[in-house]
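A.B. asks: I'm passing along coords_24.txt; it holds compact mmCIF, C-alpha atoms and all ligand atoms.
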```txt
# COMPACT_ATOMS: atom_id res chain seq x y z
CA MET A 30 86.68 113.94 81.22
CA ASP A 31 86.35 115.01 84.83
CA VAL A 32 87.87 112.79 87.52
CA LEU A 33 87.08 112.34 91.22
CA ILE A 34 89.80 110.93 93.48
CA LEU A 35 88.76 109.79 96.96
CA GLY A 36 91.29 110.12 99.80
CA SER A 37 93.48 112.72 101.45
CA GLY A 38 97.03 111.41 101.58
CA GLY A 39 100.26 111.76 99.64
CA ARG A 40 99.13 108.88 97.44
CA GLU A 41 96.06 110.85 96.41
CA HIS A 42 98.03 114.05 95.74
CA ALA A 43 100.45 112.04 93.57
CA LEU A 44 97.50 110.43 91.74
CA CYS A 45 95.92 113.85 91.31
CA THR A 46 99.13 115.25 89.80
CA LYS A 47 99.48 112.33 87.40
CA VAL A 48 95.82 112.42 86.39
CA GLN A 49 96.12 116.16 85.70
CA HIS A 50 98.93 115.40 83.23
CA SER A 51 96.51 113.38 81.12
CA LYS A 52 95.43 114.95 77.84
CA ILE A 53 91.93 113.51 78.18
CA VAL A 54 91.28 114.99 81.61
CA GLU A 55 89.75 118.41 82.23
CA ASN A 56 88.87 118.85 85.91
CA VAL A 57 90.11 116.85 88.87
CA TRP A 58 88.29 116.78 92.20
CA VAL A 59 89.77 115.27 95.35
CA SER A 60 87.72 114.38 98.40
CA PRO A 61 88.53 115.32 101.08
CA GLY A 62 92.02 116.11 99.72
CA ASN A 63 94.66 118.29 101.41
CA ALA A 64 96.32 121.67 100.87
CA GLY A 65 98.32 120.29 97.93
CA THR A 66 95.27 119.08 96.04
CA GLU A 67 93.43 122.29 96.93
CA MET A 68 96.15 124.34 95.22
CA THR A 69 96.31 122.36 91.97
CA ALA A 70 92.88 120.71 91.72
CA LYS A 71 89.54 121.16 93.49
CA ASN A 72 88.75 119.79 96.92
CA VAL A 73 85.28 118.70 97.96
CA ASP A 74 84.36 117.30 101.34
CA LEU A 75 82.22 114.24 100.65
CA PRO A 76 81.57 111.75 103.45
CA LEU A 77 83.37 108.60 102.20
CA LYS A 78 80.86 106.39 104.04
CA ASP A 79 77.91 107.97 102.26
CA ALA A 80 77.65 106.43 98.79
CA LYS A 81 74.51 108.45 97.99
CA ALA A 82 76.25 111.76 98.67
CA ILE A 83 79.12 110.65 96.42
CA ARG A 84 76.64 109.56 93.73
CA ASN A 85 74.89 112.93 93.84
CA PHE A 86 78.18 114.74 93.41
CA ILE A 87 79.25 112.49 90.52
CA VAL A 88 75.97 113.15 88.73
CA LYS A 89 76.00 116.89 89.46
CA GLU A 90 79.56 117.39 88.23
CA ASN A 91 79.33 114.88 85.38
CA ILE A 92 82.34 112.93 86.64
CA GLY A 93 83.54 110.27 84.19
CA LEU A 94 86.08 108.42 86.35
CA VAL A 95 86.26 107.78 90.09
CA ILE A 96 89.49 106.52 91.67
CA ILE A 97 89.17 105.17 95.20
CA GLY A 98 92.56 105.67 96.90
CA PRO A 99 92.53 104.16 100.43
CA GLU A 100 91.69 100.66 101.63
CA ALA A 101 88.98 101.46 104.20
CA PRO A 102 86.23 102.56 101.76
CA LEU A 103 87.16 99.67 99.44
CA ALA A 104 86.88 97.14 102.28
CA GLU A 105 83.51 98.63 103.21
CA GLY A 106 82.23 98.04 99.68
CA LEU A 107 82.09 101.59 98.31
CA ALA A 108 82.98 100.43 94.79
CA ASP A 109 80.06 97.96 94.81
CA GLN A 110 77.68 100.59 96.16
CA LEU A 111 78.63 103.13 93.48
CA GLN A 112 78.40 100.51 90.75
CA ALA A 113 74.90 99.56 91.87
CA PHE A 114 73.48 103.02 91.15
CA GLN A 115 71.73 103.04 87.76
CA GLU A 116 72.65 106.70 87.27
CA LEU A 117 76.33 105.75 87.38
CA ASN A 118 76.16 103.07 84.66
CA GLU A 119 78.36 105.12 82.36
CA VAL A 120 80.79 106.21 85.07
CA ARG A 121 84.07 104.30 85.35
CA ILE A 122 85.00 103.31 88.88
CA LEU A 123 88.51 102.14 89.78
CA GLY A 124 88.87 100.01 92.88
CA PRO A 125 87.80 96.48 93.77
CA GLY A 126 84.51 95.62 95.42
CA LYS A 127 84.21 94.26 98.92
CA SER A 128 85.04 90.68 97.90
CA GLY A 129 88.28 91.68 96.14
CA ALA A 130 89.27 94.06 98.93
CA ARG A 131 89.32 91.06 101.30
CA LEU A 132 92.80 90.34 99.92
CA GLU A 133 93.81 93.22 102.19
CA GLY A 134 90.88 93.38 104.60
CA SER A 135 91.38 89.89 106.02
CA LYS A 136 94.85 88.41 106.52
CA SER A 137 93.18 85.09 107.21
CA PHE A 138 91.35 85.18 103.86
CA ALA A 139 94.57 86.19 102.06
CA LYS A 140 96.56 83.33 103.62
CA GLU A 141 93.89 80.77 102.78
CA PHE A 142 93.76 82.11 99.22
CA MET A 143 97.54 81.91 98.82
CA PHE A 144 97.71 78.37 100.12
CA LYS A 145 94.83 77.28 97.90
CA TYR A 146 96.55 78.68 94.80
CA GLN A 147 100.08 77.70 95.87
CA ILE A 148 101.33 81.26 95.99
CA PRO A 149 104.57 81.37 98.00
CA THR A 150 104.09 82.92 101.44
CA ALA A 151 105.03 82.24 105.07
CA GLN A 152 103.55 79.22 106.88
CA TYR A 153 100.86 80.24 109.36
CA ARG A 154 98.25 79.27 111.94
CA GLU A 155 95.31 81.33 113.09
CA PHE A 156 93.78 81.76 116.52
CA THR A 157 90.76 83.33 118.23
CA LEU A 158 89.92 83.67 121.94
CA ASP A 159 88.28 80.24 121.66
CA ASN A 160 91.60 78.50 121.01
CA LEU A 161 93.96 80.92 122.78
CA GLU A 162 95.47 78.03 124.80
CA GLU A 163 96.37 76.23 121.60
CA GLY A 164 97.92 79.47 120.34
CA ILE A 165 100.05 79.79 123.46
CA ARG A 166 101.26 76.19 123.09
CA TYR A 167 101.99 76.86 119.41
CA LEU A 168 104.20 79.84 120.30
CA GLU A 169 106.00 77.68 122.88
CA SER A 170 106.67 75.02 120.24
CA TYR A 171 109.32 76.98 118.32
CA PRO A 172 111.99 79.54 119.19
CA GLY A 173 110.74 82.56 117.18
CA PRO A 174 111.00 85.26 115.95
CA TYR A 175 107.20 85.41 116.03
CA VAL A 176 105.03 87.36 113.62
CA LEU A 177 101.53 88.15 114.91
CA LYS A 178 99.02 89.82 112.61
CA ALA A 179 95.57 91.18 113.37
CA ASP A 180 93.21 89.66 110.82
CA GLY A 181 91.45 92.92 109.91
CA LEU A 182 92.46 96.45 108.90
CA ALA A 183 94.46 98.22 111.62
CA ALA A 184 95.86 101.25 109.78
CA GLY A 185 99.23 99.53 109.23
CA LYS A 186 99.72 98.95 112.97
CA GLY A 187 98.32 95.43 113.34
CA VAL A 188 101.56 93.47 112.97
CA ILE A 189 103.71 92.63 115.99
CA ILE A 190 107.10 90.99 115.57
CA SER A 191 108.80 89.62 118.64
CA GLU A 192 111.94 87.58 119.32
CA ASN A 193 110.78 86.63 122.77
CA THR A 194 108.34 83.80 123.58
CA ALA A 195 106.88 85.39 126.74
CA GLU A 196 106.38 88.71 124.94
CA ALA A 197 104.75 86.99 121.96
CA LYS A 198 102.38 85.07 124.25
CA LYS A 199 101.40 88.31 125.98
CA SER A 200 100.86 90.02 122.61
CA LEU A 201 98.68 87.17 121.36
CA SER A 202 96.42 87.45 124.43
CA GLU A 203 96.27 91.23 124.23
CA MET A 204 95.45 91.21 120.52
CA LEU A 205 92.69 88.64 120.93
CA GLU A 206 91.30 90.60 123.86
CA GLY A 207 90.77 93.58 121.56
CA GLN A 208 94.04 95.56 121.31
CA PHE A 209 93.08 96.49 117.75
CA GLY A 210 89.33 96.29 118.30
CA ALA A 211 87.40 93.95 116.03
CA ALA A 212 90.41 93.75 113.69
CA SER A 213 92.31 91.50 116.13
CA LYS A 214 89.52 89.15 117.17
CA LYS A 215 91.34 86.71 114.97
CA VAL A 216 95.15 86.63 114.82
CA VAL A 217 97.37 85.06 112.19
CA VAL A 218 100.69 83.76 113.57
CA GLU A 219 103.21 83.54 110.78
CA GLU A 220 106.61 82.07 110.11
CA PHE A 221 109.23 84.85 110.20
CA LEU A 222 110.90 85.35 106.82
CA ASP A 223 114.20 87.16 106.55
CA GLY A 224 115.17 89.07 103.44
CA THR A 225 114.77 92.40 101.69
CA GLU A 226 111.26 93.72 101.24
CA PHE A 227 109.99 95.31 98.06
CA SER A 228 106.63 96.11 96.52
CA VAL A 229 105.17 95.37 93.11
CA PHE A 230 101.97 96.88 91.73
CA ILE A 231 99.62 95.90 88.96
CA LEU A 232 96.63 97.60 87.40
CA THR A 233 94.17 94.86 86.51
CA ASP A 234 90.65 94.02 85.38
CA GLY A 235 91.06 90.65 87.07
CA ILE A 236 92.26 89.01 83.85
CA ASN A 237 94.69 91.30 82.04
CA TYR A 238 97.21 93.38 83.89
CA GLN A 239 99.77 96.14 83.51
CA LEU A 240 102.90 96.01 85.63
CA LEU A 241 103.70 99.36 87.25
CA PRO A 242 107.18 100.36 88.42
CA GLU A 243 108.24 98.52 91.58
CA ALA A 244 109.37 100.25 94.78
CA LYS A 245 111.04 99.81 98.10
CA ASP A 246 109.44 101.39 101.15
CA TYR A 247 111.25 102.46 104.34
CA LYS A 248 108.78 101.55 107.04
CA ARG A 249 110.53 102.29 110.33
CA ILE A 250 110.65 105.78 111.82
CA GLY A 251 114.37 105.63 112.61
CA GLU A 252 117.48 105.63 110.46
CA GLY A 253 119.00 102.21 109.81
CA ASP A 254 115.48 100.72 110.01
CA THR A 255 115.08 101.20 113.73
CA GLY A 256 112.15 102.17 115.94
CA PRO A 257 108.45 101.61 115.41
CA ASN A 258 106.76 100.89 112.11
CA THR A 259 105.09 103.80 110.33
CA GLY A 260 102.95 104.11 107.22
CA GLY A 261 106.28 104.56 105.41
CA MET A 262 109.01 107.22 105.65
CA GLY A 263 110.27 107.15 102.08
CA SER A 264 110.47 105.06 98.97
CA ILE A 265 112.64 104.50 95.98
CA SER A 266 112.07 103.10 92.52
CA PRO A 267 113.37 101.05 90.73
CA VAL A 268 114.54 98.29 93.07
CA PRO A 269 117.93 97.21 91.70
CA PHE A 270 117.59 93.49 92.45
CA PHE A 271 114.13 93.24 90.86
CA LYS A 272 115.12 91.84 87.48
CA GLY A 273 115.95 88.61 85.66
CA GLU A 274 114.93 85.40 87.41
CA LEU A 275 113.42 87.10 90.47
CA LYS A 276 111.13 89.18 88.25
CA GLU A 277 110.18 86.18 86.11
CA ARG A 278 109.41 84.12 89.21
CA LEU A 279 107.34 86.96 90.65
CA ILE A 280 105.17 87.00 87.52
CA LYS A 281 104.85 83.22 87.17
CA GLU A 282 104.58 82.26 90.84
CA ILE A 283 102.73 85.22 92.32
CA VAL A 284 101.09 87.70 89.92
CA GLU A 285 99.56 85.25 87.46
CA PRO A 286 98.37 82.70 90.07
CA THR A 287 96.76 85.55 92.03
CA LEU A 288 94.69 86.52 88.98
CA VAL A 289 93.85 82.87 88.27
CA GLY A 290 92.79 82.48 91.91
CA LEU A 291 90.53 85.53 91.73
CA GLN A 292 88.92 84.19 88.57
CA LYS A 293 88.42 80.71 90.03
CA GLU A 294 86.90 82.20 93.17
CA LYS A 295 84.64 84.32 90.92
CA ILE A 296 85.91 87.48 92.57
CA PRO A 297 85.66 90.39 90.14
CA TYR A 298 88.60 92.74 90.50
CA CYS A 299 89.16 96.07 88.82
CA GLY A 300 91.85 98.18 90.36
CA PHE A 301 95.37 98.06 91.69
CA ILE A 302 96.91 95.11 93.50
CA PHE A 303 99.91 95.89 95.68
CA PHE A 304 102.07 92.85 96.34
CA GLY A 305 104.11 93.36 99.53
CA LEU A 306 107.01 90.97 98.96
CA ILE A 307 110.16 89.70 100.51
CA ASN A 308 113.18 88.42 98.63
CA HIS A 309 113.70 85.39 100.86
CA ARG A 310 116.94 83.63 99.89
CA GLY A 311 116.48 84.54 96.23
CA ALA A 312 112.79 83.57 96.06
CA PRO A 313 109.92 86.08 96.12
CA LYS A 314 107.31 85.44 98.80
CA VAL A 315 104.17 87.42 99.60
CA ILE A 316 104.13 89.25 102.93
CA GLU A 317 100.78 90.85 102.23
CA TYR A 318 98.37 91.95 99.55
CA ASN A 319 96.89 95.43 99.46
CA CYS A 320 93.90 96.33 97.34
CA ARG A 321 95.19 99.81 96.42
CA LEU A 322 98.43 101.65 95.74
CA GLY A 323 100.93 102.18 98.57
CA ASP A 324 101.77 105.38 100.37
CA PRO A 325 104.61 106.53 99.96
CA GLU A 326 105.35 104.07 97.12
CA THR A 327 102.92 105.91 94.83
CA GLN A 328 104.90 109.14 95.26
CA ALA A 329 107.97 107.36 93.82
CA ILE A 330 106.40 105.16 91.15
CA LEU A 331 103.93 107.47 89.42
CA PRO A 332 106.59 109.99 88.33
CA ARG A 333 108.27 107.07 86.48
CA ILE A 334 105.22 106.31 84.33
CA ASP A 335 105.73 108.06 81.00
CA SER A 336 102.52 106.98 79.29
CA ASP A 337 99.06 108.35 80.10
CA LEU A 338 97.90 106.71 83.34
CA VAL A 339 94.28 107.68 82.75
CA SER A 340 94.26 105.98 79.33
CA HIS A 341 95.61 102.83 80.96
CA ILE A 342 92.96 103.01 83.68
CA ILE A 343 90.21 103.41 81.12
CA SER A 344 91.50 100.47 79.05
CA VAL A 345 91.55 98.30 82.16
CA ILE A 346 88.05 99.30 83.31
CA ASP A 347 86.71 98.68 79.81
CA GLY A 348 88.41 95.28 79.71
CA LYS A 349 90.39 96.20 76.61
CA PRO A 350 94.09 95.70 77.19
CA GLY A 351 95.71 98.76 75.69
CA PRO A 352 99.36 99.44 74.90
CA GLU A 353 101.94 98.50 77.52
CA MET A 354 102.73 101.11 80.15
CA GLN A 355 105.84 103.13 79.29
CA ILE A 356 108.18 103.25 82.24
CA SER A 357 111.01 105.73 82.54
CA PRO A 358 114.53 104.34 82.99
CA ASN A 359 115.12 107.16 85.46
CA SER A 360 115.21 106.62 89.20
CA SER A 361 113.01 108.27 91.73
CA ALA A 362 113.23 108.87 95.45
CA ALA A 363 110.46 110.08 97.77
CA VAL A 364 111.35 111.32 101.25
CA ILE A 365 108.58 111.86 103.80
CA ALA A 366 108.57 114.74 106.27
CA ALA A 367 106.54 113.86 109.36
CA SER A 368 105.49 115.68 112.52
CA GLU A 369 107.44 115.29 115.75
CA GLY A 370 106.21 112.25 117.68
CA TYR A 371 104.99 110.32 114.62
CA PRO A 372 103.96 107.42 114.55
CA GLY A 373 102.64 108.31 118.02
CA SER A 374 100.45 111.32 118.70
CA VAL A 375 101.51 114.61 117.11
CA GLU A 376 100.69 118.28 117.37
CA LYS A 377 99.04 119.74 114.31
CA GLY A 378 98.66 123.29 113.06
CA LYS A 379 102.32 124.28 112.56
CA PRO A 380 102.91 126.75 109.71
CA ILE A 381 105.03 125.31 106.87
CA SER A 382 107.50 127.54 105.03
CA GLY A 383 109.94 127.07 102.17
CA LEU A 384 107.52 125.37 99.78
CA GLU A 385 107.97 128.09 97.20
CA ASP A 386 111.74 127.44 97.08
CA ILE A 387 111.42 123.82 95.91
CA SER A 388 112.81 123.32 92.43
CA ASP A 389 112.92 120.31 90.14
CA SER A 390 111.13 118.02 92.62
CA TYR A 391 107.51 117.22 93.34
CA VAL A 392 105.98 118.17 96.67
CA PHE A 393 103.22 115.71 97.43
CA HIS A 394 101.17 116.86 100.39
CA ALA A 395 99.67 114.44 102.94
CA GLY A 396 98.75 115.86 106.36
CA THR A 397 98.45 119.53 105.35
CA LYS A 398 95.67 122.07 105.30
CA MET A 399 95.20 125.61 104.18
CA GLU A 400 94.36 128.32 106.69
CA GLY A 401 93.78 131.49 104.72
CA LYS A 402 96.89 131.61 102.55
CA GLN A 403 99.10 129.71 105.00
CA ILE A 404 99.74 125.97 104.67
CA MET A 405 99.73 124.21 108.05
CA THR A 406 100.64 120.72 109.21
CA ASN A 407 97.59 118.56 109.78
CA GLY A 408 98.76 115.04 110.56
CA GLY A 409 101.55 112.55 111.23
CA ARG A 410 102.98 112.37 107.74
CA VAL A 411 103.01 115.89 106.35
CA LEU A 412 104.45 115.79 102.86
CA ALA A 413 106.83 113.98 100.52
CA ILE A 414 109.54 115.44 98.35
CA SER A 415 109.88 113.26 95.31
CA SER A 416 112.55 113.58 92.64
CA LEU A 417 113.44 111.93 89.37
CA ALA A 418 116.99 111.70 88.04
CA LYS A 419 119.16 109.56 85.80
CA LYS A 420 120.85 107.86 88.73
CA PRO A 421 119.33 106.87 92.07
CA GLU A 422 121.95 108.82 94.02
CA GLU A 423 121.02 111.97 92.10
CA ALA A 424 117.32 111.46 92.81
CA VAL A 425 118.02 110.98 96.51
CA ALA A 426 120.33 114.01 96.63
CA LYS A 427 117.75 116.21 94.88
CA SER A 428 115.01 115.17 97.33
CA TYR A 429 117.22 115.97 100.33
CA GLU A 430 118.43 119.25 98.85
CA ASN A 431 114.80 120.36 98.54
CA MET A 432 113.77 118.87 101.87
CA ASN A 433 116.37 121.11 103.55
CA LYS A 434 114.40 124.13 102.33
CA ILE A 435 111.20 123.06 104.11
CA CYS A 436 110.68 124.35 107.59
CA TYR A 437 108.08 123.76 110.31
CA GLU A 438 108.27 123.16 114.04
CA GLY A 439 109.10 119.52 114.76
CA ILE A 440 109.94 118.50 111.17
CA THR A 441 111.13 114.89 111.23
CA TYR A 442 112.56 112.89 108.35
CA ARG A 443 114.94 110.03 107.78
CA LYS A 444 118.29 111.01 106.31
CA ASP A 445 119.05 107.55 104.92
CA ILE A 446 116.34 106.89 102.34
CA GLY A 447 117.89 104.89 99.49
CA LYS A 448 121.24 104.60 101.25
CA ASP A 449 121.15 100.81 101.31
CA ILE A 450 120.77 100.54 97.54
CA LEU A 451 123.42 103.12 96.77
CA ASN A 452 126.19 101.05 98.35
P1 LIG B 1 102.21 93.67 106.82
O1 LIG B 1 101.24 94.68 107.39
O2 LIG B 1 101.65 92.30 106.69
O3 LIG B 1 102.91 94.19 105.59
O4 LIG B 1 103.40 93.60 107.88
C1 LIG B 1 104.08 94.75 108.29
C2 LIG B 1 105.57 94.51 108.29
O5 LIG B 1 105.89 93.42 109.17
C3 LIG B 1 106.09 94.06 106.92
O6 LIG B 1 106.37 95.13 106.09
C4 LIG B 1 107.35 93.33 107.33
O7 LIG B 1 108.40 94.23 107.62
C5 LIG B 1 106.96 92.66 108.62
N1 LIG B 1 106.50 91.29 108.36
C6 LIG B 1 105.24 90.89 108.11
N2 LIG B 1 105.18 89.56 107.93
C7 LIG B 1 106.42 89.09 108.08
C8 LIG B 1 107.01 87.79 108.01
N3 LIG B 1 106.27 86.70 107.79
N4 LIG B 1 108.33 87.68 108.20
C9 LIG B 1 109.08 88.78 108.45
N5 LIG B 1 108.60 90.03 108.54
C10 LIG B 1 107.29 90.19 108.35
N1 LIG B 2 103.58 101.91 102.47
C1 LIG B 2 102.80 100.80 102.80
C2 LIG B 2 101.36 100.92 102.56
O1 LIG B 2 100.89 101.79 101.86
O2 LIG B 2 100.63 100.08 103.07
```
Could you render the structure as C-alpha cells?
C.D. replies:
Amino acid sequence: MDVLILGSGGREHALCTKVQHSKIVENVWVSPGNAGTEMTAKNVDLPLKDAKAIRNFIVKENIGLVIIGPEAPLAEGLADQLQAFQELNEVRILGPGKSGARLEGSKSFAKEFMFKYQIPTAQYREFTLDNLEEGIRYLESYPGPYVLKADGLAAGKGVIISENTAEAKKSLSEMLEGQFGAASKKVVVEEFLDGTEFSVFILTDGINYQLLPEAKDYKRIGEGDTGPNTGGMGSISPVPFFKGELKERLIKEIVEPTLVGLQKEKIPYCGFIFFGLINHRGAPKVIEYNCRLGDPETQAILPRIDSDLVSHIISVIDGKPGPEMQISPNSSAAVIAASEGYPGSVEKGKPISGLEDISDSYVFHAGTKMEGKQIMTNGGRVLAISSLAKKPEEAVAKSYENMNKICYEGITYRKDIGKDILN
C-alpha cells in the first residue's frame, strides 16, 4: 500500500519513519514535507487547501491511506472533502471531519462538551466584545492567576496566563479587539489549575480506541520552564506518574466519556485524540483537546510503539478493533533544536552540519529544506533528536550526546529536557 502524509513538521517526519517500518507499506509520500522526508520518502507539494488537487494526486498515485497530520486542514474540513469524492471510496483517510476537529478548533465548544459530559476540566466563562464589561468585572471578582484563551486556532499562541488583574483586563480587551484575528473574537476565561502537565493519545474510530504511549512536553523556550511558550522544546515518554489510579481515572473519567459524548452528539470521529492533561492534586483534568498527534510528543511516542502502526490505523478506519498496540517498556526522549529567536521571528537558510555523525538516535526534521545537497534551516523548530533506551536517563543522555554533534548558526536547545523526572 502507498501512503500519503500531509504536513511538514517533526510530527510528520516521525509518522513517515514509522509508516515506512510497516511491512504492508511500499511508498510513502509527504506533502509538503521537509528535508528529512525528502531523503527517506518522497515529497510532493500539494496545496493543503485544495482538496481536488489532493484527490487527483491520490488517484494518480493509487494511494491507499492518507494521514492528515496538522490541525488546520482538519479544522477546515479536509477529511470530509476527501471522503466526499466518489473516486476515493476505497481510500482510507485518517483524521476527523470538521465537526470532530471542533474539539480543538473551538475552545468554547470543547468546554461546553466537557461540562455536558461531566469530563473534569477547569471552570470557565466566555466573553465577546458584546459583554466585555461583564468580562472585566469577572476578572475583578477573583485574585487570579487568570487564564485567557482565544476560542479558535492560534498556532499554539492563543493562551495568556497572568497573575495580575490589570494585565489580564488589558489582555482580555486586546484579544477581543483582534489580537489573534478571528480566533480571539470569543475568549474563554478559565480557572487556573496547578499541577504537572502530561499528554495522552488515543487512536479511535469514535467507539473503539487504542491507547498510545503517553508523553510529557516541555513547552517553554527556557530552561526550568521559563520564558515564552513554544510549540514544544522536547518530550519524554513514559511519564512516570501515569499509572495505577491516575491512569484508571483518566480512562474512566476522561477517555471513555469523551467517546460517549462524541457518539451522543452524533459526531463521527476517526483519527487521533490528544488529551492535554494536568495532574491537579492527584486528579486528571483536561486542559485541552487536540484532534491530531502532538509535536514534539509524536517524536517521543512513536519510537515506543513496537507493533505495526499502519495495521492499527487500518483496523481503526475499518471499524474492526484489532490486537492491542504493543508498547515498548523502553524510555524515549526527544530534544528539539530551534533557530535563534524562536518562538519570535528567526532567520532561515543556515547550513546544518553534523547530521551524518548521529548514531543510535532518530533525527526527525521539522523546519529544514534541501538546497542542492546541503540541508538548511527553514523555520523556528529545526529538528528533533529522539532516542530510545532502557532507562530514561540513558535516553536523555543519548539525545544530548547526538545533539552536540549538530551545528548551525544560532542553534538553540534546552539542556534540561527530562531533568524533572530523573530526580
Ligand atoms: P492550551 O493551548 O489550552 O494547551 O494552553 C497552553 C498552556 O497554557 C497549557 O499547556 C498550560 O501550560 C497552560 N494552561 C492552559 N489552561 C490552563 C489552566 N486552566 N490552568 C493552568 N494552566 C493552563
Ligand atoms: N506540543 C503541543 C502540541 O502539539 O500542540
A.B. asks: Could you list the protein, DNA and RNA residues that have any atom within 9 Å of ligand LIG 1 (chain B), counting only C-alpha atoms and all ligand atoms, and write them as a count of residues only?
C.D. replies: 42
A.B. asks: How close does each residue of chain A get to ligand LIG 2 (chain B), giving the shortest atom pair and distance in Å to one decimal for every residue with an atom at most 9 Å away, counting all atoms listed in the file, sorted by chain and residue number, as JSON lines?
C.D. replies:
```
{"residue": "A:Arg40", "atom": "CA", "partner": "B:LIG2", "partner_atom": "O1", "distance": 8.5}
{"residue": "A:Pro99", "atom": "CA", "partner": "B:LIG2", "partner_atom": "O1", "distance": 8.8}
{"residue": "A:Ala184", "atom": "CA", "partner": "B:LIG2", "partner_atom": "O2", "distance": 8.3}
{"residue": "A:Gly185", "atom": "CA", "partner": "B:LIG2", "partner_atom": "O2", "distance": 6.3}
{"residue": "A:Ser228", "atom": "CA", "partner": "B:LIG2", "partner_atom": "C1", "distance": 8.7}
{"residue": "A:Lys245", "atom": "CA", "partner": "B:LIG2", "partner_atom": "N1", "distance": 8.9}
{"residue": "A:Asp246", "atom": "CA", "partner": "B:LIG2", "partner_atom": "N1", "distance": 6.0}
{"residue": "A:Tyr247", "atom": "CA", "partner": "B:LIG2", "partner_atom": "N1", "distance": 7.9}
{"residue": "A:Lys248", "atom": "CA", "partner": "B:LIG2", "partner_atom": "N1", "distance": 6.9}
{"residue": "A:Thr259", "atom": "CA", "partner": "B:LIG2", "partner_atom": "N1", "distance": 8.2}
{"residue": "A:Gly260", "atom": "CA", "partner": "B:LIG2", "partner_atom": "N1", "distance": 5.3}
{"residue": "A:Gly261", "atom": "CA", "partner": "B:LIG2", "partner_atom": "N1", "distance": 4.8}
{"residue": "A:Met262", "atom": "CA", "partner": "B:LIG2", "partner_atom": "N1", "distance": 8.2}
{"residue": "A:Gly263", "atom": "CA", "partner": "B:LIG2", "partner_atom": "N1", "distance": 8.5}
{"residue": "A:Ser264", "atom": "CA", "partner": "B:LIG2", "partner_atom": "N1", "distance": 8.3}
{"residue": "A:Phe303", "atom": "CA", "partner": "B:LIG2", "partner_atom": "O2", "distance": 8.5}
{"residue": "A:Gly305", "atom": "CA", "partner": "B:LIG2", "partner_atom": "C1", "distance": 8.2}
{"residue": "A:Asn319", "atom": "CA", "partner": "B:LIG2", "partner_atom": "O2", "distance": 7.0}
{"residue": "A:Arg321", "atom": "CA", "partner": "B:LIG2", "partner_atom": "O1", "distance": 8.1}
{"residue": "A:Leu322", "atom": "CA", "partner": "B:LIG2", "partner_atom": "O1", "distance": 6.6}
{"residue": "A:Gly323", "atom": "CA", "partner": "B:LIG2", "partner_atom": "O1", "distance": 3.3}
{"residue": "A:Asp324", "atom": "CA", "partner": "B:LIG2", "partner_atom": "O1", "distance": 4.0}
{"residue": "A:Pro325", "atom": "CA", "partner": "B:LIG2", "partner_atom": "N1", "distance": 5.4}
{"residue": "A:Glu326", "atom": "CA", "partner": "B:LIG2", "partner_atom": "N1", "distance": 6.0}
{"residue": "A:Thr327", "atom": "CA", "partner": "B:LIG2", "partner_atom": "O1", "distance": 8.4}
```
A.B. asks: So, counting only C-alpha atoms, which residue among A:Asp74, A:Glu243, A:Asp254, A:Glu430 is closest to Phe270 (chain A)?
C.D. replies: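 Answer, going by the shortest atom-to-atom distance: A:Glu243.
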A.B. asks: Considering all atoms listed in the file, give me a table of residues in region 204-239 of chain A that are at most 10 Å from region 350-363 of chain A, with the closest atom pair and distance in Å for each, as CSV.
C.D. replies:
```
residue,atom,partner,partner_atom,distance
A:Thr233,CA,A:Pro350,CA,9.4
A:Asp234,CA,A:Pro350,CA,9.0
A:Ile236,CA,A:Pro350,CA,9.6
A:Asn237,CA,A:Pro350,CA,6.6
A:Tyr238,CA,A:Pro350,CA,7.7
A:Gln239,CA,A:Met354,CA,6.7
```
A.B. asks: Tell me, as a short mmCIF file (atom, residue, chain, number, x, y, z; two decimals) with C-alpha atoms, in the frame of the given file, which residues lie within 7 Å of Ala43 (chain A), counting all atoms listed in the file; anything in the same chain fewer than 2 positions away does not count.
C.D. replies:
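Here's the written file result-v4.cif:
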```
data_model
loop_
_atom_site.label_atom_id
_atom_site.label_comp_id
_atom_site.auth_asym_id
_atom_site.auth_seq_id
_atom_site.Cartn_x
_atom_site.Cartn_y
_atom_site.Cartn_z
CA GLY A 39 100.26 111.76 99.64
CA ARG A 40 99.13 108.88 97.44
CA GLU A 41 96.06 110.85 96.41
CA CYS A 45 95.92 113.85 91.31
CA THR A 46 99.13 115.25 89.80
CA LYS A 47 99.48 112.33 87.40
CA THR A 327 102.92 105.91 94.83
CA GLN A 328 104.90 109.14 95.26
CA PHE A 393 103.22 115.71 97.43
#
```
A.B. asks: List the spatial neighbours of Ala80 (chain A) as a PyMOL selection string - criterion: any atom at most 8 Å away, all atoms listed in the file, same-chain residues fewer than 4 positions off excluded.
C.D. replies: chain A and resi 84+107+110-111
A.B. asks: Compare A:Ala367, A:Ala212, A:Val88, A:Leu417 by their minimum atom-to-atom distance to Leu331 (chain A), counting all atoms listed in the file, and give me the closest one.
C.D. replies: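 Of the candidates, the smallest distance to Leu331 (chain A) is held by A:Leu417.
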A.B. asks: Can you work out which one of A:Ser266, A:Ser128, A:Thr66, A:Ser213 has the shortest atom-to-atom distance to Ile296 (chain A), counting only C-alpha atoms?
C.D. replies: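 Of the candidates, the smallest distance to Ile296 (chain A) is held by A:Ser128.
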A.B. asks: Which of these residues is nearest to Lys398 (chain A), using all atoms listed in the file: A:Gly300, A:Gln49, A:Ala64, A:Glu55?
C.D. replies: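 Ranking A:Gly300, A:Gln49, A:Ala64, A:Glu55 by distance to Lys398 (chain A), first place goes to A:Ala64.
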A.B. asks: Give me, please, the distance in Å between CA of Ser390 (chain A) and CA of Val268 (chain A), quoted to one decimal.
C.D. replies: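 A separation of 20.0 Å between them.
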A.B. asks: Could you check the closest approach to Val411 (chain A) for each of A:Gly93, A:Gly173, A:Pro242, A:Gly65 and tell me which residue wins, using only C-alpha atoms?
C.D. replies: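 Closest to Val411 (chain A), using only C-alpha atoms: A:Gly65.
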A.B. asks: Kindly indicate which residue among A:Val364, A:Cys320, A:Val289, A:Ala130 lies nearest to Tyr146 (chain A), using only C-alpha atoms for the distances.
C.D. replies: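 Among A:Val364, A:Cys320, A:Val289, A:Ala130, it is A:Val289 that comes nearest to Tyr146 (chain A).
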A.B. asks: Give, as JSON, the centre coordinates and the x, y and z edge lengths in Å to one decimal for an axis-aligned box around all listed atoms of region 210-217 of chain A, padded by 5 Å on each side.
C.D. replies:
```
{"center_x": 92.4, "center_y": 90.7, "center_z": 115.2, "size_x": 20.0, "size_y": 21.2, "size_z": 16.1}
```
